[in-house]
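Listing of data_6.txt, compact mmCIF, C-alpha atoms
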# COMPACT_ATOMS: atom_id res chain seq x y z
CA MET T 1 16.48 -28.82 -13.71
CA TYR T 2 16.47 -25.12 -12.76
CA PRO T 3 19.16 -22.52 -13.46
CA GLU T 4 21.39 -21.84 -10.45
CA SER T 5 20.36 -18.20 -10.36
CA ASN T 6 16.94 -19.35 -9.13
CA ASN T 7 18.53 -20.70 -5.98
CA PRO T 8 21.35 -18.31 -5.18
CA ASN T 9 21.63 -18.86 -1.46
CA PRO T 10 24.29 -21.55 -0.86
CA ASN T 11 23.31 -21.86 2.80
CA LEU T 12 19.91 -23.34 1.98
CA LYS T 13 19.50 -27.03 2.68
CA PRO T 14 18.76 -29.24 -0.32
CA GLY T 15 15.05 -29.30 -1.03
CA VAL T 16 14.50 -25.98 0.73
CA CYS T 17 13.83 -22.81 -1.27
CA GLU T 18 14.04 -19.09 -0.58
CA ASP T 19 11.01 -17.75 1.29
CA ALA T 20 9.51 -16.12 -1.81
CA SER T 21 9.92 -19.38 -3.79
CA GLY T 22 8.09 -22.66 -3.40
CA MET T 23 8.32 -26.36 -4.18
CA LEU T 24 7.68 -27.89 -7.60
CA PRO T 25 7.77 -31.59 -8.45
CA GLN T 26 10.86 -32.64 -10.41
CA CYS T 27 8.80 -34.65 -12.87
CA ALA T 28 5.11 -34.00 -13.32
CA PRO T 29 2.32 -35.01 -15.70
CA LEU T 30 1.75 -32.77 -18.70
CA ALA T 31 -1.31 -30.65 -19.42
CA VAL T 32 -2.12 -29.46 -15.90
CA PRO T 33 -1.10 -26.15 -14.31
CA TYR T 34 1.59 -25.97 -11.61
CA VAL T 35 1.84 -23.32 -8.96
CA PRO T 36 4.74 -23.95 -6.56
CA PHE T 37 3.67 -25.03 -3.09
CA GLN T 38 4.38 -22.49 -0.38
CA GLN T 39 6.79 -24.19 2.01
CA ASN T 40 5.84 -24.98 5.59
CA ASN T 41 6.70 -22.40 8.22
CA PRO T 42 6.97 -19.38 5.87
CA LYS T 43 8.12 -15.99 7.15
CA ARG T 44 5.31 -13.90 8.65
CA TYR T 45 4.46 -10.26 9.42
CA ASN T 46 3.01 -9.24 12.77
CA GLN T 47 -0.77 -8.81 12.71
CA GLN T 48 -0.81 -5.04 12.06
CA ASP T 49 1.65 -5.28 9.17
CA ALA T 50 -0.26 -8.27 7.79
CA LEU T 51 -3.49 -6.25 7.65
CA SER T 52 -1.70 -3.23 6.17
CA ASN T 53 -0.07 -5.32 3.43
CA GLY T 54 -3.04 -7.55 2.68
CA THR T 55 -1.11 -10.74 3.42
CA LEU T 56 0.52 -12.43 6.41
CA PHE T 57 3.37 -13.66 4.24
CA PRO T 58 6.21 -11.39 2.98
CA GLY T 59 6.96 -13.97 0.28
CA LEU T 60 3.51 -13.46 -1.24
CA ASN T 61 3.52 -9.66 -1.00
CA LEU T 62 3.73 -8.65 -4.67
CA PRO T 63 2.48 -5.05 -5.10
CA PHE T 64 1.62 -3.19 -8.32
CA ARG T 65 4.22 -0.72 -9.64
CA VAL T 66 6.22 1.22 -7.06
CA LYS T 67 5.62 -0.02 -3.56
CA GLU T 68 4.31 2.87 -1.59
CA GLU T 69 4.63 2.63 2.12
CA ALA T 70 1.85 0.42 3.38
CA VAL T 71 -0.33 2.67 5.51
CA LYS T 72 -0.53 1.52 9.09
CA VAL T 73 -4.05 0.80 10.14
CA LEU T 74 -4.42 2.87 13.31
CA GLY T 75 -4.22 1.08 16.62
CA THR T 76 -7.85 1.39 17.63
CA GLN T 77 -9.64 -1.50 19.32
CA LEU T 78 -11.44 -2.15 16.04
CA ALA T 79 -8.19 -2.16 14.04
CA GLU T 80 -6.65 -4.59 16.53
CA LEU T 81 -9.66 -6.90 16.19
CA GLN T 82 -9.54 -6.61 12.40
CA ALA T 83 -5.81 -7.39 12.37
CA LEU T 84 -6.21 -10.50 14.54
CA GLU T 85 -9.14 -11.72 12.45
CA PHE T 86 -7.15 -11.11 9.30
CA VAL T 87 -4.35 -13.34 10.58
CA LEU T 88 -6.94 -16.05 11.31
CA GLN T 89 -8.40 -15.68 7.80
CA GLU T 90 -4.97 -15.84 6.15
CA LEU T 91 -3.71 -18.72 8.29
CA GLY T 92 -6.98 -20.53 7.67
CA LEU T 93 -6.51 -20.41 3.89
CA TYR T 94 -2.91 -21.55 4.33
CA LEU T 95 -4.04 -24.46 6.52
CA ASP T 96 -6.69 -25.48 3.96
CA THR T 97 -3.82 -26.45 1.65
CA HIS T 98 -1.22 -27.22 4.39
CA ALA T 99 -3.29 -29.20 6.89
CA ASP T 100 -0.16 -31.09 8.05
CA ASP T 101 1.69 -27.94 9.21
CA LYS T 102 1.39 -28.39 12.98
CA GLU T 103 3.25 -25.17 13.79
CA ALA T 104 0.80 -23.18 11.70
CA PHE T 105 -2.11 -24.84 13.48
CA ALA T 106 -0.58 -24.04 16.90
CA LEU T 107 -0.23 -20.45 15.73
CA TYR T 108 -3.86 -20.46 14.63
CA GLN T 109 -4.88 -21.55 18.13
CA GLN T 110 -2.82 -18.77 19.73
CA TYR T 111 -4.28 -16.09 17.46
CA ALA T 112 -7.81 -17.44 18.00
CA ALA T 113 -7.39 -16.94 21.75
CA LEU T 114 -6.11 -13.38 21.21
CA GLU T 115 -9.02 -12.69 18.87
CA GLN T 116 -11.51 -13.81 21.52
CA GLN T 117 -10.01 -11.38 24.04
CA ALA T 118 -9.96 -8.50 21.54
CA ARG T 119 -13.56 -9.21 20.54
CA SER T 120 -14.77 -9.14 24.17
CA LYS T 121 -12.91 -5.89 24.77
CA TYR T 122 -14.30 -4.30 21.61
CA GLU T 123 -17.87 -5.40 22.27
CA ALA T 124 -17.74 -4.14 25.87
CA ALA T 125 -16.73 -0.69 24.61
CA HIS T 126 -18.55 -0.37 21.27
CA GLY T 127 -21.48 -2.77 21.28
CA PRO T 128 -22.22 -6.13 19.70
CA VAL T 129 -20.45 -7.30 16.55
CA THR T 130 -22.92 -10.12 15.92
CA GLN T 131 -26.67 -10.16 16.40
CA SER T 132 -26.48 -12.85 19.09
CA ALA T 133 -23.96 -10.78 21.06
CA ALA T 134 -26.70 -8.16 21.45
CA ALA T 135 -28.11 -10.42 24.19
CA ASN T 136 -25.35 -9.05 26.46
CA ALA T 137 -26.33 -5.42 25.81
CA ALA T 138 -28.77 -3.23 27.74
CA GLY T 139 -31.27 -3.16 24.87
CA TRP T 140 -31.80 -3.93 21.21
CA SER T 141 -30.75 -0.44 20.17
CA ALA T 142 -27.15 -1.54 20.82
CA TRP T 143 -27.44 -3.65 17.66
CA LEU T 144 -29.23 -0.95 15.67
CA GLU T 145 -27.07 1.99 16.66
CA GLY T 146 -24.19 3.03 14.45
CA PRO T 147 -21.78 3.42 13.18
CA TRP T 148 -22.58 0.72 10.68
CA PRO T 149 -19.40 -0.47 8.99
CA TRP T 150 -19.86 1.48 5.75
CA ASN T 151 -20.59 4.81 7.47
CA TYR T 152 -17.78 7.35 7.62
CA GLU T 153 -18.42 11.08 7.67
CA GLU T 154 -17.18 13.33 4.88
CA GLY T 155 -13.94 15.13 5.72
CA GLY T 156 -12.65 12.32 7.90
CA GLN T 157 -14.64 12.84 11.09
CA LYS T 158 -16.66 10.01 12.53
CA MET D 159 -25.44 -20.64 7.32
CA PHE D 160 -23.98 -17.21 7.47
CA ILE D 161 -23.83 -14.80 10.41
CA TYR D 162 -23.25 -11.09 9.87
CA GLU D 163 -20.31 -9.42 11.60
CA LYS D 164 -20.86 -5.69 12.06
CA LYS D 165 -17.44 -4.58 10.82
CA LEU D 166 -15.38 -4.59 7.64
CA GLN D 167 -12.44 -6.91 6.99
CA TYR D 168 -10.26 -3.83 6.37
CA PRO D 169 -11.20 -0.23 7.27
CA VAL D 170 -12.76 1.97 4.57
CA LYS D 171 -12.41 5.65 5.52
CA ILE D 172 -12.70 7.93 2.52
CA ALA D 173 -12.67 11.63 3.36
CA ASN D 174 -13.64 13.15 -0.01
CA PRO D 175 -16.56 12.25 -2.28
CA ASN D 176 -15.60 11.54 -5.90
CA PRO D 177 -18.46 10.28 -8.11
CA LYS D 178 -16.13 9.78 -11.08
CA LEU D 179 -14.09 7.20 -9.13
CA ALA D 180 -17.30 5.55 -7.91
CA SER D 181 -18.53 5.21 -11.50
CA PHE D 182 -15.81 2.67 -12.30
CA ILE D 183 -15.04 1.13 -8.91
CA ILE D 184 -18.67 -0.12 -8.98
CA SER D 185 -17.40 -2.73 -11.44
CA GLN D 186 -15.82 -4.67 -8.59
CA TYR D 187 -19.28 -4.77 -6.97
CA GLY D 188 -21.28 -6.08 -9.93
CA GLY D 189 -18.95 -6.38 -12.91
CA PRO D 190 -17.76 -9.56 -14.67
CA ASP D 191 -14.70 -9.99 -12.41
CA GLY D 192 -16.14 -8.39 -9.29
CA GLU D 193 -16.52 -9.62 -5.74
CA LEU D 194 -20.19 -10.66 -6.04
CA GLY D 195 -19.34 -13.02 -8.89
CA ALA D 196 -16.27 -14.25 -7.04
CA SER D 197 -18.23 -15.21 -3.93
CA LEU D 198 -21.03 -16.90 -5.90
CA ARG D 199 -18.54 -18.75 -8.10
CA TYR D 200 -16.67 -20.29 -5.17
CA LEU D 201 -19.63 -20.88 -2.88
CA SER D 202 -21.51 -22.57 -5.76
CA GLN D 203 -18.58 -24.70 -6.95
CA ARG D 204 -18.22 -26.24 -3.46
CA TYR D 205 -21.02 -28.76 -3.89
CA ALA D 206 -19.28 -30.70 -6.66
CA MET D 207 -15.90 -30.82 -4.90
CA PRO D 208 -15.02 -34.35 -3.78
CA TYR D 209 -12.10 -33.59 -1.41
CA PRO D 210 -12.25 -31.95 2.03
CA GLU D 211 -9.40 -29.48 1.36
CA LEU D 212 -11.26 -28.16 -1.68
CA LYS D 213 -14.59 -27.86 0.13
CA GLY D 214 -12.82 -25.94 2.89
CA LEU D 215 -10.85 -23.65 0.61
CA LEU D 216 -13.84 -22.72 -1.58
CA THR D 217 -15.95 -22.07 1.52
CA ASP D 218 -13.29 -19.92 3.17
CA ILE D 219 -12.35 -17.88 0.08
CA GLY D 220 -16.00 -17.55 -1.02
CA THR D 221 -16.87 -16.18 2.42
CA GLU D 222 -13.94 -13.74 2.36
CA GLU D 223 -15.15 -12.48 -1.04
CA LEU D 224 -18.52 -11.56 0.52
CA GLY D 225 -16.54 -9.40 2.93
CA HIS D 226 -14.79 -7.80 -0.03
CA LEU D 227 -18.16 -7.11 -1.66
CA GLU D 228 -19.11 -5.18 1.45
CA MET D 229 -15.85 -3.20 1.33
CA ILE D 230 -16.48 -2.21 -2.31
CA GLY D 231 -20.02 -1.20 -1.37
CA ALA D 232 -18.59 0.97 1.43
CA ILE D 233 -16.15 2.62 -1.01
CA VAL D 234 -18.90 3.44 -3.53
CA HIS D 235 -21.19 4.70 -0.76
CA GLN D 236 -18.56 6.98 0.74
CA LEU D 237 -17.47 8.31 -2.66
CA THR D 238 -21.06 9.34 -3.45
CA ARG D 239 -22.25 10.77 -0.14
CA ASN D 240 -23.47 14.38 0.15
CA LEU D 241 -23.36 15.11 -3.59
CA ASP D 242 -24.98 18.27 -4.95
CA ASP D 243 -26.76 18.63 -8.30
CA GLN D 244 -23.59 19.87 -9.99
CA GLN D 245 -21.45 16.95 -8.76
CA VAL D 246 -23.83 14.28 -10.04
CA ARG D 247 -23.41 15.67 -13.58
CA GLU D 248 -19.62 15.49 -13.51
CA GLY D 249 -17.19 12.80 -14.47
CA GLY D 250 -19.52 10.35 -16.16
CA PHE D 251 -21.55 9.60 -13.02
CA ALA D 252 -24.86 10.88 -14.47
CA PRO D 253 -25.87 7.63 -16.29
CA TYR D 254 -25.53 5.66 -13.03
CA PHE D 255 -27.22 8.41 -11.02
CA VAL D 256 -30.31 8.58 -13.21
CA ASP D 257 -30.99 4.87 -12.68
CA HIS D 258 -29.87 4.35 -9.07
CA THR D 259 -29.44 7.80 -7.46
CA THR D 260 -26.68 7.06 -4.91
CA GLY D 261 -27.84 3.56 -4.06
CA VAL D 262 -25.27 0.79 -4.51
CA TYR D 263 -26.35 -1.48 -7.38
CA PRO D 264 -24.45 -4.51 -8.73
CA THR D 265 -23.47 -3.40 -12.20
CA ALA D 266 -20.35 -3.30 -14.35
CA ALA D 267 -18.71 0.06 -14.97
CA SER D 268 -19.85 -0.31 -18.58
CA GLY D 269 -23.49 -0.33 -17.41
CA ALA D 270 -24.33 -4.03 -17.81
CA PRO D 271 -26.06 -5.30 -14.66
CA TRP D 272 -24.48 -8.22 -12.76
CA ASN D 273 -24.77 -11.40 -14.78
CA ALA D 274 -24.06 -15.02 -13.88
CA ALA D 275 -22.60 -15.41 -17.38
CA GLY D 276 -19.41 -13.93 -15.90
CA ILE D 277 -18.82 -16.91 -13.62
CA GLY D 278 -18.36 -20.61 -14.25
CA VAL D 279 -19.51 -23.71 -12.37
CA LYS D 280 -18.59 -26.71 -14.52
CA GLY D 281 -18.80 -29.48 -11.94
CA ASP D 282 -15.31 -30.74 -12.78
CA VAL D 283 -12.47 -30.44 -10.28
CA ILE D 284 -9.60 -29.34 -12.51
CA CYS D 285 -11.81 -27.22 -14.74
CA ASP D 286 -13.38 -25.28 -11.86
CA LEU D 287 -10.09 -24.72 -10.03
CA THR D 288 -8.44 -23.53 -13.25
CA GLU D 289 -11.34 -21.12 -13.75
CA ASP D 290 -10.75 -19.86 -10.21
CA MET D 291 -7.09 -19.18 -10.89
CA ALA D 292 -8.04 -17.20 -14.01
CA ALA D 293 -10.76 -15.37 -12.06
CA GLU D 294 -8.27 -14.21 -9.42
CA GLN D 295 -6.00 -12.89 -12.18
CA LYS D 296 -8.87 -11.02 -13.86
CA ALA D 297 -9.82 -9.39 -10.56
CA ARG D 298 -6.16 -8.55 -9.92
CA VAL D 299 -5.93 -6.76 -13.28
CA THR D 300 -9.15 -4.84 -12.58
CA TYR D 301 -7.58 -3.58 -9.34
CA ASP D 302 -4.37 -2.70 -11.23
CA ASN D 303 -6.48 -0.64 -13.62
CA ILE D 304 -8.31 1.09 -10.77
CA LEU D 305 -4.94 1.98 -9.19
CA ARG D 306 -3.82 3.47 -12.53
CA MET D 307 -6.83 5.78 -12.61
CA SER D 308 -7.23 6.77 -8.95
CA ASP D 309 -5.23 9.46 -7.15
CA ASP D 310 -7.08 9.21 -3.84
CA PRO D 311 -4.85 7.59 -1.19
CA ASP D 312 -7.89 6.77 0.99
CA VAL D 313 -9.27 4.68 -1.87
CA ASN D 314 -5.97 3.24 -3.03
CA ASN D 315 -5.08 1.84 0.40
CA VAL D 316 -8.18 -0.32 0.28
CA ILE D 317 -7.74 -1.26 -3.38
CA ARG D 318 -4.14 -2.35 -2.70
CA PHE D 319 -5.35 -4.60 0.11
CA LEU D 320 -8.01 -6.19 -2.11
CA ARG D 321 -5.55 -6.63 -4.99
CA GLU D 322 -3.06 -8.43 -2.74
CA ARG D 323 -5.82 -10.81 -1.62
CA GLU D 324 -6.28 -11.87 -5.28
CA ILE D 325 -2.62 -12.89 -5.40
CA VAL D 326 -2.85 -14.92 -2.19
CA HIS D 327 -6.05 -16.60 -3.44
CA PHE D 328 -4.37 -17.44 -6.75
CA GLN D 329 -1.57 -19.15 -4.82
CA ARG D 330 -4.05 -21.19 -2.75
CA PHE D 331 -6.08 -22.26 -5.80
CA GLY D 332 -2.83 -23.30 -7.47
CA GLU D 333 -1.99 -25.41 -4.43
CA ALA D 334 -5.53 -26.81 -4.50
CA VAL D 335 -4.99 -28.08 -8.05
CA ARG D 336 -1.84 -29.83 -6.84
CA LEU D 337 -3.69 -31.41 -3.89
CA ALA D 338 -6.49 -32.57 -6.19
CA LYS D 339 -4.07 -34.07 -8.69
CA GLU D 340 -2.34 -36.13 -6.02
CA LYS D 341 -5.65 -37.88 -5.35
CA MET D 342 -6.47 -38.47 -9.00
CA ASP D 343 -5.16 -40.97 -11.56
CA GLN D 344 -1.43 -40.20 -11.63
CA LYS D 345 -1.00 -41.36 -15.23
CA ASN D 346 -4.00 -39.46 -16.60
CA VAL D 347 -5.85 -36.95 -14.41
CA TYR D 348 -8.47 -36.63 -17.14
CA PHE D 349 -9.38 -40.33 -17.06
CA THR D 350 -12.44 -39.61 -14.92
CA ASN D 351 -14.08 -36.66 -13.22
CA PRO D 352 -14.04 -37.53 -9.50
CA ALA D 353 -16.86 -35.04 -8.95
CA PHE D 354 -19.17 -37.25 -11.05
CA ASP D 355 -17.72 -40.67 -11.92
CA LYS D 356 -17.65 -43.23 -9.17

Translate the structure of the given file into structure tokens.
Amino acid sequence: MYPESNNPNPNLKPGVCEDASGMLPQCAPLAVPYVPFQQNNPKRYNQQDALSNGTLFPGLNLPFRVKEEAVKVLGTQLAELQALEFVLQELGLYLDTHADDKEAFALYQQYAALEQQARSKYEAAHGPVTQSAAANAAGWSAWLEGPWPWNYEEGGQK
Amino acid sequence: MFIYEKKLQYPVKIANPNPKLASFIISQYGGPDGELGASLRYLSQRYAMPYPELKGLLTDIGTEELGHLEMIGAIVHQLTRNLDDQQVREGGFAPYFVDHTTGVYPTAASGAPWNAAGIGVKGDVICDLTEDMAAEQKARVTYDNILRMSDDPDVNNVIRFLREREIVHFQRFGEAVRLAKEKMDQKNVYFTNPAFDK
């Protein structure tokens, strides 16, 4: 059905595609769109590279024009929390359409535990991330005090 | 319900103000293919979706889009902070400035305020998901066009992140159509609308 050049790796098992390709039905009803299904257990970046690239999955990383080096998001406590939450967001969307992928769900559980730790660490140092977490602070000003997420001083200094 | 998290999904740290850039990036805040429309489109389409995967996906992507709205707001805010009288006259920013000063207002770059006419909620599974796939492509092209016109690496890092999210969302909506079809009449998916017909 497909030209051989679409499946150049002879070591792939039948019915398994390259990581940047996905599964299509052999025969399918007309007049509806088809996007190939991402296969279970796709290749993944680590959490920092996932956040920097905007996706957890190298196979879905399709930049505009020349790929400039993805800028590393600095390893602050906030960046670490953002990276872990990004993996949860991305895995969550994947699981919405791949609810039977048990490995991905186990991974989601592992990252959720890491995210909880990173959140506690961040909140202990920088104050509450949610309004209800302000209950653990010394006073309400912990919620009101900045920096609010959109604030960043001109010239690059906090 | 929704609970606010006091942080962005991806850091926005723009060193230099640039009102000209802000005058067109605002389109992803309140333009026809912007993040406000994206979130309202998906969060509103959820109610007519008959299958759990589709309710989940529209909830999760619609919520992420609200986070993207906040990131665009942060970009526009940082690009327009500490402007002097001369800067507000430059680069086509004056028409926005006269109406909104440096507040962040949901409008298209062309000046039309945000309008629900830019989104679709048809109450039909295949129709709405196909609209969503097109919507992700339109947003992706808007980000391509912003990257063509912007030389600021602080801005472009964020825009690249947001653009890549459109591609991932397109993939998931495409998979959602496939999941929906498997549950519908295999000989004719248009025989009924499972969101309405029983």

Could you give me, as a Markdown table, every chain D residue with an atom at most 7 Å from chain T, plus its closest atom pair and distance in Å to one decimal, counting all atoms listed in the file, rows ordered by chain then number?
| residue | atom | partner | partner_atom | distance |
| --- | --- | --- | --- | --- |
| D:Tyr162 | CA | T:Thr130 | CA | 6.1 |
| D:Glu163 | CA | T:Thr130 | CA | 5.1 |
| D:Lys164 | CA | T:Val129 | CA | 4.8 |
| D:Lys165 | CA | T:Pro149 | CA | 4.9 |
| D:Leu166 | CA | T:Pro149 | CA | 5.9 |
| D:Gln167 | CA | T:Gln82 | CA | 6.1 |
| D:Tyr168 | CA | T:Gln82 | CA | 6.7 |
| D:Lys171 | CA | T:Tyr152 | CA | 6.0 |
| D:Ile172 | CA | T:Gly156 | CA | 6.9 |
| D:Ala173 | CA | T:Gly155 | CA | 4.4 |
| D:Asn174 | CA | T:Glu154 | CA | 6.0 |
| D:Glu211 | CA | T:Asp96 | CA | 5.5 |
| D:Gly214 | CA | T:Asp96 | CA | 6.2 |
| D:Leu215 | CA | T:Asp96 | CA | 5.6 |
| D:Asp218 | CA | T:Leu93 | CA | 6.8 |
| D:Ala232 | CA | T:Trp150 | CA | 4.5 |
| D:Gln236 | CA | T:Tyr152 | CA | 6.9 |
| D:Asp302 | CA | T:Phe64 | CA | 6.7 |
| D:Phe319 | CA | T:Gly54 | CA | 4.5 |
| D:Glu322 | CA | T:Gly54 | CA | 5.5 |
| D:Arg323 | CA | T:Gly54 | CA | 6.1 |
| D:Val326 | CA | T:Leu60 | CA | 6.6 |
| D:Gln329 | CA | T:Val35 | CA | 6.8 |
| D:Arg330 | CA | T:Thr97 | CA | 6.9 |
| D:Gly332 | CA | T:Val35 | CA | 4.9 |
| D:Glu333 | CA | T:Phe37 | CA | 5.8 |
| D:Ala334 | CA | T:Thr97 | CA | 6.4 |

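In this structure, CA of Val234 in chain D sits 13.4 Å away from CA of Gly192 in chain D.
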
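CA of Gly225 in chain D is positioned 22.7 Å from CA of Gln109 in chain T.
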
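Put simply, CA of Gly261 in chain D is 22.2 Å away from CA of Thr300 in chain D.
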
- request: List every protein, DNA or RNA residue with an atom no more than 12 Å from (-7.0, -37.4, -6.0) in the file's coordinates, counting only C-alpha atoms, and format the result as number ranges by chain.
  value: D: 207-212, 283-284, 334-353

message: Measuring between all atoms listed in the file, which one of T:Asn136, T:Ala104, T:Ala125, T:Pro58 shows the shortest distance to Gln77 in chain T?
response: T:Ala125

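Compared by their closest atoms to Arg204 in chain D, and using all atoms listed in the file, the residues D:Leu216, D:Ala275, D:Leu227, D:Val246 rank with D:Leu216 nearest.
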
- request: Could you give me, as number ranges by chain, the residues that have an atom at most 12 Å away from the point (-5.8, -12.9, 20.8) in the coordinates of the file, using all atoms listed in the file?
  value: T: 47, 80-88, 107-121

Mind dumping the selected residues with C-alpha atoms as a JSON list (two decimals), in the frame of the given file?
[["chain", "number", "residue", "atom", "x", "y", "z"],
["T", 47, "GLN", "CA", -0.77, -8.81, 12.71],
["T", 80, "GLU", "CA", -6.65, -4.59, 16.53],
["T", 81, "LEU", "CA", -9.66, -6.90, 16.19],
["T", 82, "GLN", "CA", -9.54, -6.61, 12.40],
["T", 83, "ALA", "CA", -5.81, -7.39, 12.37],
["T", 84, "LEU", "CA", -6.21, -10.50, 14.54],
["T", 85, "GLU", "CA", -9.14, -11.72, 12.45],
["T", 86, "PHE", "CA", -7.15, -11.11, 9.30],
["T", 87, "VAL", "CA", -4.35, -13.34, 10.58],
["T", 88, "LEU", "CA", -6.94, -16.05, 11.31],
["T", 107, "LEU", "CA", -0.23, -20.45, 15.73],
["T", 108, "TYR", "CA", -3.86, -20.46, 14.63],
["T", 109, "GLN", "CA", -4.88, -21.55, 18.13],
["T", 110, "GLN", "CA", -2.82, -18.77, 19.73],
["T", 111, "TYR", "CA", -4.28, -16.09, 17.46],
["T", 112, "ALA", "CA", -7.81, -17.44, 18.00],
["T", 113, "ALA", "CA", -7.39, -16.94, 21.75],
["T", 114, "LEU", "CA", -6.11, -13.38, 21.21],
["T", 115, "GLU", "CA", -9.02, -12.69, 18.87],
["T", 116, "GLN", "CA", -11.51, -13.81, 21.52],
["T", 117, "GLN", "CA", -10.01, -11.38, 24.04],
["T", 118, "ALA", "CA", -9.96, -8.50, 21.54],
["T", 119, "ARG", "CA", -13.56, -9.21, 20.54],
["T", 120, "SER", "CA", -14.77, -9.14, 24.17],
["T", 121, "LYS", "CA", -12.91, -5.89, 24.77]]
